[in-house]
Each structure stands twice: as structure tokens, then as C-alpha cells.
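Engineer: This is the structure, below, for whatever I ask next.
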Amino acid sequence: MRKMASKTFLAVMLLIVVFFISGCGSSNGGNVKKAAYEIIDDQGAMIQLEHKPERILTLAMGTDSIVLGILPEEKLIAINSLADDPVSSNIVDKANGITRKIKNPSAEEILSLKPDVVFIYNWGKAEMVDNLRELGIKVVVVKGPKSIADVKENVKLIAKTLGEEDKGNLMIAKKEEARFDIIDDILWR
């Protein structure tokens with residue numbers, strides 16, 4: 001009898017241990033979203049994205065231009081206030097299709113736009129990046145370009161964030177081809 005009680009006790013203990021171990025595992029039910037892909041921005045921050053961003057905000061004309069070279073205007077929820085100025089911008093036609101223009105928006109204004117992702121240069125205000133991330137907004141910091149190589153890196157990072165790497169590579173190839181055409185014209189005159 002004692003042997004049977006001992007076996008029963010061990011079986012019950014084993015069931016309890018199995019119950020607790022299985023209960024402590026990770027659960028993916030309900031509110032937990034699994035990232036579809038991850039990117040690492042210029043500051044080394046890892047940003048997890050559940051899907052391709054649909055509502056995009058950039059805080060500079062350079063990043064506006066890159067996004068508009070990859071995606072249609074309706075994906076940008078706002079654009080730099082100077083983007084439709086022909087003296088300042090090379091994306092006037094596309095910028096005219098975007099009704100909301102912004103200039104130095106606050107974190108609260110950005111939050112009210114409900115972006116899926118925000119692009120900001122690394123020369124921007126660090127506290128703005130921190131504030132937006134604390135508000136739960138996905139922020140991708142890109143390099144403040146000082147060379148053509150920097151611009152290419154930004155195109156690649158932005159395209160990867162948008163889930164459109166092929167379009168980013170095509171954009172780079174077209175720009176390089178255009179640059180070589182200009183050089184050929186100059187050399188052959």
C-alpha cells in the first residue's frame with residue numbers, strides 16, 4: 001500500500017510540474033503580435049514590424065523624396081511644408097497630391113496622425129525620437145546624408161522598412177544610370 005501511495009504521489013507531482021512548465025511557456029494568443037520582419041536603424045535600434053507600413057510619415061524632404069520614389073503618394077499621411085515649393089523641392093508634382101503639410105510637428109501632432117512608421121534623420125532632435133518611441137510609435141532613424149553613399153544607405157534602409165527592397169534597389173540603379181548618362185554627355189561634348 002505504501003508503495004502504491006508513493007507512486008501516486010510521484011505521478012501527481014509529475015503532473016503538477018508538467019502543468020507549471022507548460023503554463024510558463026510563451027503564449028501567442030490574444031494580444032501578442034509577432035513581428036513579420038525586423039530592421040535596425042542608423043542608431044542601432046531594432047524596429048519590429050508586423051506588416052508593411054501603410055501610414056508613413058517622414059520628417060524631412062529628403063526622406064519624403066525617397067518614400068515617394070518607392071511608394072505612391074497615398075501612403076504618406078503628411079509631407080514637409082516645403083515639398084510643394086518649386087524652389088526648394090524636386091517632388092512638387094507628387095507633393096501636390098498630399099493635402100497635409102507639416103513643419104516641425106510636435107510628438108502629439110505626430111501621434112494624432114497615427115503613423116505606422118516615422119522616418120527621421122539622425123541630426124534631428126534626440127528627445128523627439130525618444131518621445132515618439134515612448135508613445136509606441138515605430139521610429140526609424142536614418143543617416144543625415146553627407147555623401148552619395150549615405151543616400152544609397154538611406155534608400156536601402158527605408159526600402160527595407162517599407163518591405164520594398166526591390167523597389168529601393170531599382171531606385172538606386174536608376175539614379176546611378178542617370179548620373180552616368182550626365183557624365184557621358186559631358187565627356188563626349
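By order in the C-alpha cells, chains are A, B, ...; within a chain, residues start at 1; ligands start at 1, following the order shown.
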Compile the contact shell of stretch 155-163 of chain A as JSON, numbers by chain: residues with an atom at most 6 Å away, counting only C-alpha atoms, same-chain residues fewer than 5 positions apart removed.

Structural biologist: {"A": [52, 53, 168]}

Engineer: Write out, as an mmCIF file, in the first residue's frame, the residues just selected, with all heavy atoms.

Structural biologist:
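Resulting contents of out.cif:
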```cif
data_model
loop_
_atom_site.group_PDB
_atom_site.id
_atom_site.type_symbol
_atom_site.label_atom_id
_atom_site.label_comp_id
_atom_site.auth_asym_id
_atom_site.auth_seq_id
_atom_site.Cartn_x
_atom_site.Cartn_y
_atom_site.Cartn_z
ATOM 1 N N LYS A 52 3.816 45.467 -43.704
ATOM 2 C CA LYS A 52 4.346 46.609 -44.440
ATOM 3 C C LYS A 52 3.591 47.861 -43.988
ATOM 4 O O LYS A 52 2.363 47.848 -43.914
ATOM 5 C CB LYS A 52 4.132 46.435 -45.940
ATOM 6 C CG LYS A 52 5.003 45.388 -46.579
ATOM 7 C CD LYS A 52 4.719 45.354 -48.080
ATOM 8 C CE LYS A 52 5.570 44.347 -48.785
ATOM 9 N NZ LYS A 52 5.329 44.373 -50.247
ATOM 10 N N PRO A 53 4.303 48.929 -43.682
ATOM 11 C CA PRO A 53 3.638 50.159 -43.249
ATOM 12 C C PRO A 53 2.712 50.715 -44.330
ATOM 13 O O PRO A 53 3.069 50.740 -45.507
ATOM 14 C CB PRO A 53 4.798 51.120 -42.983
ATOM 15 C CG PRO A 53 5.994 50.256 -42.785
ATOM 16 C CD PRO A 53 5.761 49.051 -43.638
ATOM 17 N N GLY A 168 13.663 49.737 -53.856
ATOM 18 C CA GLY A 168 14.784 50.565 -53.405
ATOM 19 C C GLY A 168 16.016 50.332 -54.265
ATOM 20 O O GLY A 168 16.687 51.288 -54.684
#
```

Engineer: Quick one: everything within 8 Å of stretch 126-143 of chain A, counting only C-alpha atoms, minus sequence neighbours fewer than 6 positions away in the same chain. Send it as a tab-separated table (two decimals) with N, CA and C atoms, in the first residue's frame.

Structural biologist:
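Saved as selection26.tsv:
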```
chain	number	residue	atom	x	y	z
A	41	ASP	N	17.98	50.43	-37.36
A	41	ASP	CA	18.16	51.78	-37.92
A	41	ASP	C	19.57	52.28	-37.71
A	42	ASP	N	19.82	53.53	-38.09
A	42	ASP	CA	21.16	54.12	-38.03
A	42	ASP	C	21.70	54.23	-36.61
A	43	GLN	N	20.83	54.26	-35.62
A	43	GLN	CA	21.26	54.32	-34.22
A	43	GLN	C	21.47	52.94	-33.61
A	47	ILE	N	13.73	47.71	-34.87
A	47	ILE	CA	12.31	48.03	-35.02
A	47	ILE	C	11.64	46.81	-35.60
A	107	ALA	N	5.32	65.88	-30.91
A	107	ALA	CA	5.06	64.44	-30.74
A	107	ALA	C	3.55	64.18	-30.71
A	111	LEU	N	1.48	61.79	-33.17
A	111	LEU	CA	0.64	60.73	-32.62
A	111	LEU	C	-0.78	60.80	-33.18
A	115	PRO	N	0.68	57.24	-37.45
A	115	PRO	CA	1.56	56.62	-38.45
A	115	PRO	C	1.94	55.18	-38.06
A	116	ASP	N	2.15	54.36	-39.07
A	116	ASP	CA	2.71	53.02	-38.84
A	116	ASP	C	4.20	53.12	-38.59
A	117	VAL	N	4.83	54.10	-39.23
A	117	VAL	CA	6.27	54.30	-39.07
A	117	VAL	C	6.59	55.77	-39.36
A	118	VAL	N	7.61	56.27	-38.65
A	118	VAL	CA	8.10	57.64	-38.85
A	118	VAL	C	9.59	57.55	-39.16
A	119	PHE	N	10.02	58.25	-40.21
A	119	PHE	CA	11.44	58.34	-40.56
A	119	PHE	C	11.96	59.71	-40.14
A	120	ILE	N	13.13	59.70	-39.49
A	120	ILE	CA	13.74	60.96	-39.03
A	120	ILE	C	15.25	60.84	-39.20
A	150	ASP	N	25.89	57.68	-48.47
A	150	ASP	CA	24.91	57.82	-47.38
A	150	ASP	C	23.48	57.79	-47.91
A	153	GLU	N	22.57	54.26	-48.70
A	153	GLU	CA	22.26	53.54	-47.45
A	153	GLU	C	20.85	53.87	-46.96
A	154	ASN	N	20.50	55.14	-47.03
A	154	ASN	CA	19.16	55.56	-46.59
A	154	ASN	C	18.07	54.95	-47.46
A	157	LEU	N	17.72	51.34	-46.40
A	157	LEU	CA	17.08	51.20	-45.09
A	157	LEU	C	15.58	51.52	-45.18
```

Engineer: Mind checking which residues fall within 10 Å of A:Val92, counting only C-alpha atoms, ignoring those fewer than 6 positions away in the same chain, and posting them as a PyMOL selection string?

Structural biologist: chain A and resi 65+82-86

Engineer: Tell me which of A:Glu74, A:Glu38, A:Glu177, A:Glu54 sits closest to A:Gly97, counting only C-alpha atoms.

Structural biologist: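 Looking only at the distances to A:Gly97, the closest residue turns out to be A:Glu74.
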
Engineer: Measuring atom to atom with only C-alpha atoms, identify which of A:Thr63, A:Asn104, A:Ser112, A:Asn96 is nearest to A:Lys125.

Structural biologist: A:Asn104

Engineer: Which one is closest to A:Leu68: A:Gln48, A:Asn90, A:Ser81, A:Ser106? Count only C-alpha atoms.

Structural biologist: A:Asn90

Engineer: In Å, how far is it from atom CA of A:Ala78 to atom CA of A:Ala178?

Structural biologist: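 Between atom CA of A:Ala78 and atom CA of A:Ala178 the gap works out to 28.7 Å.
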
Engineer: What gap, in Å, lies between atom CA of A:Lys94 and atom CA of A:Gly69?

Structural biologist: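 Here the two named atoms are 9.6 Å from each other.
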
Engineer: How many Å separate atom CA of A:Pro72 from atom CA of A:Thr58?

Structural biologist: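 Distance reported for this atom pair: 14.1 Å.
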
Engineer: Please extract the residues of stretch 38-98 of chain A with a backbone DSSP assignment of helix (DSSP H, G or I) and present them as a PyMOL selection string.

Structural biologist: chain A and resi 61-70+73-75+92-95

Engineer: May I have the selected residues written with N, CA and C atoms, as a short mmCIF file (atom, residue, chain, number, x, y, z; two decimals), in the first residue's frame?

Structural biologist:
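Once everything was written out, this is again-v3.cif:
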```cif
data_model
loop_
_atom_site.label_atom_id
_atom_site.label_comp_id
_atom_site.auth_asym_id
_atom_site.auth_seq_id
_atom_site.Cartn_x
_atom_site.Cartn_y
_atom_site.Cartn_z
N MET A 61 12.42 66.55 -46.11
CA MET A 61 12.15 66.45 -47.54
C MET A 61 12.95 65.33 -48.21
N GLY A 62 14.17 65.11 -47.74
CA GLY A 62 14.98 64.04 -48.33
C GLY A 62 14.34 62.67 -48.17
N THR A 63 13.80 62.41 -47.00
CA THR A 63 13.15 61.12 -46.78
C THR A 63 11.77 61.09 -47.45
N ASP A 64 11.10 62.25 -47.55
CA ASP A 64 9.85 62.33 -48.33
C ASP A 64 10.14 61.86 -49.76
N SER A 65 11.20 62.40 -50.32
CA SER A 65 11.57 62.11 -51.71
C SER A 65 11.86 60.62 -51.90
N ILE A 66 12.55 60.01 -50.96
CA ILE A 66 12.87 58.58 -51.07
C ILE A 66 11.59 57.75 -50.99
N VAL A 67 10.75 58.04 -50.01
CA VAL A 67 9.50 57.27 -49.87
C VAL A 67 8.66 57.41 -51.14
N LEU A 68 8.55 58.64 -51.67
CA LEU A 68 7.75 58.85 -52.88
C LEU A 68 8.38 58.22 -54.12
N GLY A 69 9.66 57.92 -54.07
CA GLY A 69 10.31 57.20 -55.16
C GLY A 69 10.02 55.70 -55.10
N ILE A 70 9.52 55.24 -53.96
CA ILE A 70 9.25 53.81 -53.76
C ILE A 70 7.75 53.51 -53.74
N GLU A 73 1.77 58.29 -53.51
CA GLU A 73 1.53 59.41 -52.60
C GLU A 73 0.59 59.07 -51.45
N GLU A 74 -0.42 58.25 -51.71
CA GLU A 74 -1.42 57.99 -50.67
C GLU A 74 -0.87 57.25 -49.45
N LYS A 75 0.33 56.73 -49.53
CA LYS A 75 0.94 56.06 -48.37
C LYS A 75 1.52 57.08 -47.37
N VAL A 92 7.66 68.27 -56.42
CA VAL A 92 6.49 69.15 -56.38
C VAL A 92 5.23 68.45 -56.89
N ASP A 93 5.31 67.77 -58.04
CA ASP A 93 4.12 67.13 -58.61
C ASP A 93 3.52 66.11 -57.66
N LYS A 94 4.36 65.29 -57.07
CA LYS A 94 3.85 64.28 -56.13
C LYS A 94 3.38 64.94 -54.83
N ALA A 95 4.09 65.95 -54.38
CA ALA A 95 3.73 66.64 -53.14
C ALA A 95 2.37 67.32 -53.24
#
```

Engineer: Which residues in stretch 30-126 of chain A does DSSP call strand (DSSP E or B)? List them as a list in words.

Structural biologist: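 Here are the strand (DSSP E or B) residues of stretch 30-126 of chain A: Tyr37, Glu38, Ile39, Ile40, Met46, Ile47, Gln48, Leu49, Ile56, Leu57, Thr58, Leu76, Ile79, Asn80, Lys101, Ile102, Val117, Val118, Phe119, Ile120 and Tyr121 of chain A.
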
Engineer: Write to file, as a PDB file, in the first residue's frame, the residues of the selection just made, with N, CA and C atoms.

Structural biologist:
```
ATOM      1  N   TYR A  37       8.856  41.147 -39.738  1.00  0.00           N
ATOM      2  CA  TYR A  37      10.265  41.378 -40.040  1.00  0.00           C
ATOM      3  C   TYR A  37      10.815  42.464 -39.126  1.00  0.00           C
ATOM      4  N   GLU A  38      12.138  42.533 -39.071  1.00  0.00           N
ATOM      5  CA  GLU A  38      12.825  43.496 -38.203  1.00  0.00           C
ATOM      6  C   GLU A  38      13.853  44.258 -39.037  1.00  0.00           C
ATOM      7  N   ILE A  39      14.051  45.493 -38.651  1.00  0.00           N
ATOM      8  CA  ILE A  39      15.122  46.272 -39.259  1.00  0.00           C
ATOM      9  C   ILE A  39      15.929  46.924 -38.138  1.00  0.00           C
ATOM     10  N   ILE A  40      17.137  47.298 -38.459  1.00  0.00           N
ATOM     11  CA  ILE A  40      17.994  48.003 -37.497  1.00  0.00           C
ATOM     12  C   ILE A  40      18.315  49.354 -38.109  1.00  0.00           C
ATOM     13  N   MET A  46      16.507  48.278 -32.918  1.00  0.00           N
ATOM     14  CA  MET A  46      15.776  47.274 -33.673  1.00  0.00           C
ATOM     15  C   MET A  46      14.295  47.637 -33.672  1.00  0.00           C
ATOM     16  N   ILE A  47      13.729  47.709 -34.871  1.00  0.00           N
ATOM     17  CA  ILE A  47      12.315  48.034 -35.017  1.00  0.00           C
ATOM     18  C   ILE A  47      11.636  46.809 -35.604  1.00  0.00           C
ATOM     19  N   GLN A  48      10.603  46.326 -34.905  1.00  0.00           N
ATOM     20  CA  GLN A  48       9.854  45.167 -35.364  1.00  0.00           C
ATOM     21  C   GLN A  48       8.567  45.637 -36.033  1.00  0.00           C
ATOM     22  N   LEU A  49       8.316  45.114 -37.207  1.00  0.00           N
ATOM     23  CA  LEU A  49       7.130  45.492 -37.972  1.00  0.00           C
ATOM     24  C   LEU A  49       6.272  44.253 -38.214  1.00  0.00           C
ATOM     25  N   ILE A  56       2.658  56.326 -43.514  1.00  0.00           N
ATOM     26  CA  ILE A  56       4.067  56.676 -43.360  1.00  0.00           C
ATOM     27  C   ILE A  56       4.208  58.180 -43.176  1.00  0.00           C
ATOM     28  N   LEU A  57       5.102  58.552 -42.274  1.00  0.00           N
ATOM     29  CA  LEU A  57       5.408  59.953 -42.038  1.00  0.00           C
ATOM     30  C   LEU A  57       6.921  60.111 -42.028  1.00  0.00           C
ATOM     31  N   THR A  58       7.413  61.092 -42.767  1.00  0.00           N
ATOM     32  CA  THR A  58       8.833  61.420 -42.701  1.00  0.00           C
ATOM     33  C   THR A  58       8.945  62.854 -42.228  1.00  0.00           C
ATOM     34  N   LEU A  76       1.853  58.283 -47.843  1.00  0.00           N
ATOM     35  CA  LEU A  76       2.365  59.316 -46.948  1.00  0.00           C
ATOM     36  C   LEU A  76       1.181  60.067 -46.342  1.00  0.00           C
ATOM     37  N   ILE A  79       3.410  65.537 -45.452  1.00  0.00           N
ATOM     38  CA  ILE A  79       4.671  65.795 -46.150  1.00  0.00           C
ATOM     39  C   ILE A  79       5.233  67.129 -45.660  1.00  0.00           C
ATOM     40  N   ASN A  80       6.518  67.316 -45.843  1.00  0.00           N
ATOM     41  CA  ASN A  80       7.178  68.546 -45.427  1.00  0.00           C
ATOM     42  C   ASN A  80       6.499  69.756 -46.063  1.00  0.00           C
ATOM     43  N   LYS A 101       0.373  69.185 -44.957  1.00  0.00           N
ATOM     44  CA  LYS A 101       1.767  69.655 -44.942  1.00  0.00           C
ATOM     45  C   LYS A 101       2.140  69.948 -43.490  1.00  0.00           C
ATOM     46  N   ILE A 102       3.355  69.573 -43.090  1.00  0.00           N
ATOM     47  CA  ILE A 102       3.783  69.783 -41.709  1.00  0.00           C
ATOM     48  C   ILE A 102       5.132  70.490 -41.665  1.00  0.00           C
ATOM     49  N   VAL A 117       4.835  54.099 -39.228  1.00  0.00           N
ATOM     50  CA  VAL A 117       6.274  54.304 -39.066  1.00  0.00           C
ATOM     51  C   VAL A 117       6.595  55.766 -39.356  1.00  0.00           C
ATOM     52  N   VAL A 118       7.613  56.269 -38.649  1.00  0.00           N
ATOM     53  CA  VAL A 118       8.103  57.640 -38.849  1.00  0.00           C
ATOM     54  C   VAL A 118       9.592  57.547 -39.165  1.00  0.00           C
ATOM     55  N   PHE A 119      10.024  58.254 -40.213  1.00  0.00           N
ATOM     56  CA  PHE A 119      11.444  58.338 -40.559  1.00  0.00           C
ATOM     57  C   PHE A 119      11.955  59.709 -40.139  1.00  0.00           C
ATOM     58  N   ILE A 120      13.130  59.704 -39.491  1.00  0.00           N
ATOM     59  CA  ILE A 120      13.736  60.955 -39.028  1.00  0.00           C
ATOM     60  C   ILE A 120      15.254  60.843 -39.201  1.00  0.00           C
ATOM     61  N   TYR A 121      15.883  61.955 -39.606  1.00  0.00           N
ATOM     62  CA  TYR A 121      17.349  61.972 -39.733  1.00  0.00           C
ATOM     63  C   TYR A 121      18.003  61.938 -38.356  1.00  0.00           C
TER      64      TYR A 121
END
```

Engineer: Just checking: using only C-alpha atoms, which residue out of A:Lys175, A:Ile110, A:Lys152, A:Asn169 ends up closest to A:Arg55?

Structural biologist: A:Ile110
